[in-house]
Each structure stands twice: as structure tokens, then as C-alpha cells.
Amino acid sequence: MNDKLAQRLSGIVGAENVVTDEPMSKHTTFRVGGPADMFVTPCSADQLQAVLAACRDSGERVYILGCGSNVLVADEGLRGVVVRIGPKLADVQVSEDGAIMAEAGAMNSKIARAAQAAGLAGYEFAAGIPGSVGGAAIMNAGAYGGELRDVATGVTCIDEAGNLVELTAEQADWSYRHSMMGDAGYIVVSVSLQLHPDDPDAIQERMDDLTRRRNEKQPLDLPSAGSTFKRPEGHFAGKLIQDAGMQGHTVGGAQVSTKHAGFVVNIGGATAADVLQVIRDVQAAVLADAGVRLEPEVRMWGFDSI
């Protein structure tokens with residue numbers, strides 16, 4: 001561990017917000033992952049910039065973590081600094097004209113509830129996406145026919161040099177599970193949305209309907225990272241996995257969900273190695289059966305090779 005860096009980071013965010021050897025299983029929805037050398041939680045955009053500058057000066061590798069809903073961390077853990085953009089950077093401001101400014105750590109569900117309470121429609125699709133809006137912006141998260149790019153008007157980011165930059169929706173270059181920010185290594189600080197007025201009861205009814213559909217079709221009772229694979233063009237990942245005979249395939253405590261084949265779940269005591277092996281097995285089976293290479297949607301951290 002870099003003691004000098006730990007001291008500097010403590011001076012920026014407070015010693016209580018700098019933790020060493022922090023188990024990442026506590027911070028990922030898979031509930032797996034070894035310890036991070038340092039785990040830092042900034043409380044403001046200014047602190048975030050200062051933390052990143054300190055890490056750059058030290059040469060330590062930085063991992064940016066939201067709520068950990070799209071990450072698989074190796075059992076050996078992470079060498080470097082995990083910077084958590086979470087509840088302490090999660091302000092949501094709603095304007096009368098339908099504009100919403102949400103800090104990157106705000107959960108999608110929180111934004112959807114705030115919009116519904118204000119009688120603003122358009123973010124219902126994201127109410128059940130188990131992640132923060134910062135991650136949603138990086139990945140152009142979507143569900144049930146909606147995507148972030150449908151309602152986002154811009155993002156505020158920190159670029160690789162540490163500068164605060166404003167990007168328009170056009171500059172963000174959103175496409176399926178892609179953004180310019182992800183390509184360039186930019187860190188999202190906040191996202192601007194534009195929604196439209198609607199009856200709050202009608203909005204709530206649509207959110208409730210999507211919640212029912214998720215509960216019926218997805219294995220929400222087990223730890224996972226949501227949909228494990230990106231949708232291949234012209235196909236559905238779950239159908240390909242079913243057709244390849246891999247639904248229910250189990251390695252250790254990791255399993256292709258018996259409820260939804262697009263999900264790899266932790267059925268109890270899974271390791272990251274178990275999860276990764278299931279992913280590899282599914283990829284091999286689908287490639288052999290359908291000639292389609294499934295690409296993981298989940299980000300892999302700390303593995304020597306994937």
C-alpha cells in the first residue's frame with residue numbers, strides 16, 4: 001500500500017473515507033471479489049477531482065466504482081485505488097421545465113421516483129435498472145425499449161487530464177452499450193435529462209407494470225450483475241444460451257439462471273473464478289452451437305487474462 005498517497009487522500013476526503021484492504025464483495029451486486037488496496041469515497045465533485053489528481057501523481061491505478069452492479073472483481077482483489085462515486089455524490093435536482101440534473105452516484109431508481117413525484121415521464125424504463133446514472137451514462141443503459149440517450153441532453157465529466165468538461169448528447173456519442181466517455185476514459189460527474197409532463201399516477205402505473213414484469217422474468221432474488229451478455233445483432237443472448245443447452249449450467253456457486261438464461265447468478269458461495277468460468281463455458285457453447293460470439297456486458301476487474 002502507498003502510505004504517502006493514503007495520507008494525501010485522507011487530507012482530501014477525511015480519514016474515515018479512506019479504507020485499506022476493503023473486500024470488494026461488499027460493494028458488488030455479485031457479492032464476490034477480493035480486497036482493494038485502497039477504497040476512497042469522495043463527497044463532492046471537487047474532492048473527486050483532487051482524489052484523481054493525487055492518484056495520477058502517485059502512478060497508482062484507479063478503478064471508478066458506482067454501485068457495483070456491472071462489475072466482476074477477481075478473487076485476488078485489486079491493486080490500486082477504488083474510487084466510489086455513490087450516495088455521497090447522488091444529488092438530484094428537478095426543474096419546473098422538466099429538466100433534471102443528477103449527480104453520477106444517484107441511483108436510477110431514485111431519479112425515476114423523483115421524476116414521478118414531479119409528474120415527469122420518460123425515465124420509467126430505468127426505474128428497475130440496478131445501477132447509478134453515472135454508469136448508465138457510460139454504458140447507455142437501457143431496458144424495455146428505453147435507453148439513457150432517449151432522455152439525456154448532456155453530461156459533465158472529468159477527462160483524463162483531470163479537467164472538468166461539458167459534453168452535449170451529440171458529443172457523448174451514445175449507441176448500444178457504448179459512449180464516447182467509455183472510449184476515452186472520462187469519468188461522469190453528473191447527467192442532464194429532459195423529461196416531459198404526464199400524470200403522476202399514470203407514470204407510477206407504468207413503473208409498477210415494469211416492476212411486475214421484471215419480478216416475473218428475472219432472478220432478482222439472487223446476487224447477479226443483471227444481464228451478463230450484450231445482445232448480439234440479430235439475436236437474443238438468453239435464447240442462444242437456452243438453445244446451446246446451457247441454462248442451469250453450474251460451476252461452484254455460480255449458475256446460468258434457471259429463470260432467465262441471460263443472467264449468471266450467485267446461488268451461494270460463488271467465487272469470481274466460478275462466475276468467470278460459467279461465462280467462458282457459455283461463450284464456448286454458444287459459439288459451437290450457433291457460431292455467435294457472446295460479449296460480456298459485465299466489466300472484469302483484476303483478472304490477468306479474460
# chains A, B, ... in the order shown; residues from 1 in each chain; ligands from 1
$ closest_atom_pairs --of "stretch 254-297 of chain A" --to "stretch 30-47 of chain A" --cutoff "8 Å" --atoms "only C-alpha atoms" --output "tab-separated table"
residue	atom	partner	partner_atom	distance
A:Val265	CA	A:Phe30	CA	7.3
A:Asn266	CA	A:Phe30	CA	6.4
A:Ala270	CA	A:Val32	CA	7.0
A:Thr271	CA	A:Val32	CA	5.8
A:Ala272	CA	A:Val32	CA	5.8
$ write_last_selection --atoms "N, CA and C atoms" --output "PDB file, in the first residue's frame"
ATOM      1  N   VAL A 265     -25.879 -16.033 -12.022  1.00  0.00           N
ATOM      2  CA  VAL A 265     -26.229 -15.687 -10.649  1.00  0.00           C
ATOM      3  C   VAL A 265     -25.329 -16.408  -9.655  1.00  0.00           C
ATOM      4  N   ASN A 266     -25.254 -15.838  -8.482  1.00  0.00           N
ATOM      5  CA  ASN A 266     -24.532 -16.432  -7.360  1.00  0.00           C
ATOM      6  C   ASN A 266     -25.562 -17.182  -6.516  1.00  0.00           C
ATOM      7  N   ALA A 270     -20.407 -18.427  -4.319  1.00  0.00           N
ATOM      8  CA  ALA A 270     -19.663 -18.340  -5.578  1.00  0.00           C
ATOM      9  C   ALA A 270     -18.393 -17.529  -5.394  1.00  0.00           C
ATOM     10  N   THR A 271     -17.392 -17.865  -6.171  1.00  0.00           N
ATOM     11  CA  THR A 271     -16.181 -17.055  -6.283  1.00  0.00           C
ATOM     12  C   THR A 271     -16.216 -16.358  -7.638  1.00  0.00           C
ATOM     13  N   ALA A 272     -15.354 -15.349  -7.783  1.00  0.00           N
ATOM     14  CA  ALA A 272     -15.250 -14.692  -9.079  1.00  0.00           C
ATOM     15  C   ALA A 272     -14.777 -15.677 -10.143  1.00  0.00           C
TER      16      ALA A 272
END
$ select_by_dssp --residues "stretch 17-204 of chain A" --states "strand (DSSP E)" --output "NGL selection string"
:A and (18-23 or 35-40 or 62-65 or 71-73 or 78-84 or 92-94 or 99-103 or 120-121 or 142-143 or 146-147 or 152-158 or 164-168 or 187-194 or 196-197)
$ closest_atom_pairs --of "stretch 82-135 of chain A" --to "stretch 204-227 of chain A" --cutoff "7 Å" --atoms "only C-alpha atoms" --output "CSV"
residue,atom,partner,partner_atom,distance
A:Gln116,CA,A:Gln204,CA,6.6
A:Glu124,CA,A:Met207,CA,5.5
A:Ala127,CA,A:Met207,CA,6.8
A:Gly128,CA,A:Thr211,CA,6.7
$ write_last_selection --atoms "C-alpha atoms" --output "short mmCIF file (atom, residue, chain, number, x, y, z; two decimals), in the first residue's frame"
data_model
loop_
_atom_site.label_atom_id
_atom_site.label_comp_id
_atom_site.auth_asym_id
_atom_site.auth_seq_id
_atom_site.Cartn_x
_atom_site.Cartn_y
_atom_site.Cartn_z
CA GLN A 116 -42.66 10.53 -10.99
CA GLU A 124 -39.70 4.84 -16.18
CA ALA A 127 -36.58 2.55 -12.53
CA GLY A 128 -35.51 -1.07 -12.15
#
$ atom_distance --atom1 "atom CA of A:Val133" --atom2 "atom CA of A:Ile187"
11.9 Å
$ select_by_dssp --residues "stretch 8-194 of chain A" --states "helix (DSSP H, G or I)" --output "PyMOL selection string"
chain A and resi 8-13+15-17+24-26+45-58+87-89+108-117+124-126+133-139+148-150+169-172+180-184
$ atom_distance --atom1 "atom CA of A:Gly142" --atom2 "atom CA of A:Ala244"
25.9 Å
$ closest_atom_pairs --of "stretch 62-171 of chain A" --to "stretch 229-233 of chain A" --cutoff "12 Å" --atoms "only C-alpha atoms" --output "Markdown table"
| residue | atom | partner | partner_atom | distance |
| --- | --- | --- | --- | --- |
| A:Asn70 | CA | A:Phe229 | CA | 10.7 |
| A:Met139 | CA | A:Lys230 | CA | 10.9 |
| A:Ala141 | CA | A:Lys230 | CA | 11.2 |
| A:Gly142 | CA | A:Lys230 | CA | 11.4 |
| A:Ala143 | CA | A:Arg231 | CA | 11.9 |
$ residues_around --residues "stretch 55-60 of chain A" --least-positions-apart "3" --cutoff "12 Å" --atoms "only C-alpha atoms" --output "MDAnalysis selection string"
chainID A and resid 1:9 12 37:38 40 48:52 63:64 78:83 160:162
$ residues_around --residues "A:Ala284" --least-positions-apart "3" --cutoff "12 Å" --atoms "only C-alpha atoms" --output "ChimeraX atom specification"
/A:240-241,244-246,277-281,287-295
$ write_last_selection --atoms "C-alpha atoms" --output "PDB file, in the first residue's frame"
ATOM      1  CA  LEU A 240     -28.882 -18.550 -27.732  1.00  0.00           C
ATOM      2  CA  ILE A 241     -27.844 -19.783 -24.285  1.00  0.00           C
ATOM      3  CA  ALA A 244     -26.994 -24.309 -26.540  1.00  0.00           C
ATOM      4  CA  GLY A 245     -28.283 -26.270 -23.545  1.00  0.00           C
ATOM      5  CA  MET A 246     -26.530 -24.045 -21.001  1.00  0.00           C
ATOM      6  CA  GLN A 277     -15.756 -19.997 -15.757  1.00  0.00           C
ATOM      7  CA  VAL A 278     -19.524 -20.032 -16.302  1.00  0.00           C
ATOM      8  CA  ILE A 279     -19.168 -17.050 -18.655  1.00  0.00           C
ATOM      9  CA  ARG A 280     -16.408 -18.804 -20.594  1.00  0.00           C
ATOM     10  CA  ASP A 281     -18.365 -22.054 -20.760  1.00  0.00           C
ATOM     11  CA  LEU A 287     -20.069 -20.296 -30.378  1.00  0.00           C
ATOM     12  CA  ALA A 288     -20.096 -24.011 -31.094  1.00  0.00           C
ATOM     13  CA  ASP A 289     -23.889 -24.210 -31.353  1.00  0.00           C
ATOM     14  CA  ALA A 290     -24.758 -21.007 -33.217  1.00  0.00           C
ATOM     15  CA  GLY A 291     -21.468 -19.559 -34.405  1.00  0.00           C
ATOM     16  CA  VAL A 292     -22.108 -16.436 -32.344  1.00  0.00           C
ATOM     17  CA  ARG A 293     -19.503 -14.961 -30.011  1.00  0.00           C
ATOM     18  CA  LEU A 294     -21.242 -13.563 -26.920  1.00  0.00           C
ATOM     19  CA  GLU A 295     -19.575 -10.477 -25.497  1.00  0.00           C
TER      20      GLU A 295
END
$ residues_around --residues "A:Gly66" --least-positions-apart "3" --cutoff "12 Å" --atoms "only C-alpha atoms" --output "number ranges by chain"
A: 27-29, 40-42, 63, 69-71, 82-90, 103-108, 130-138, 187-189
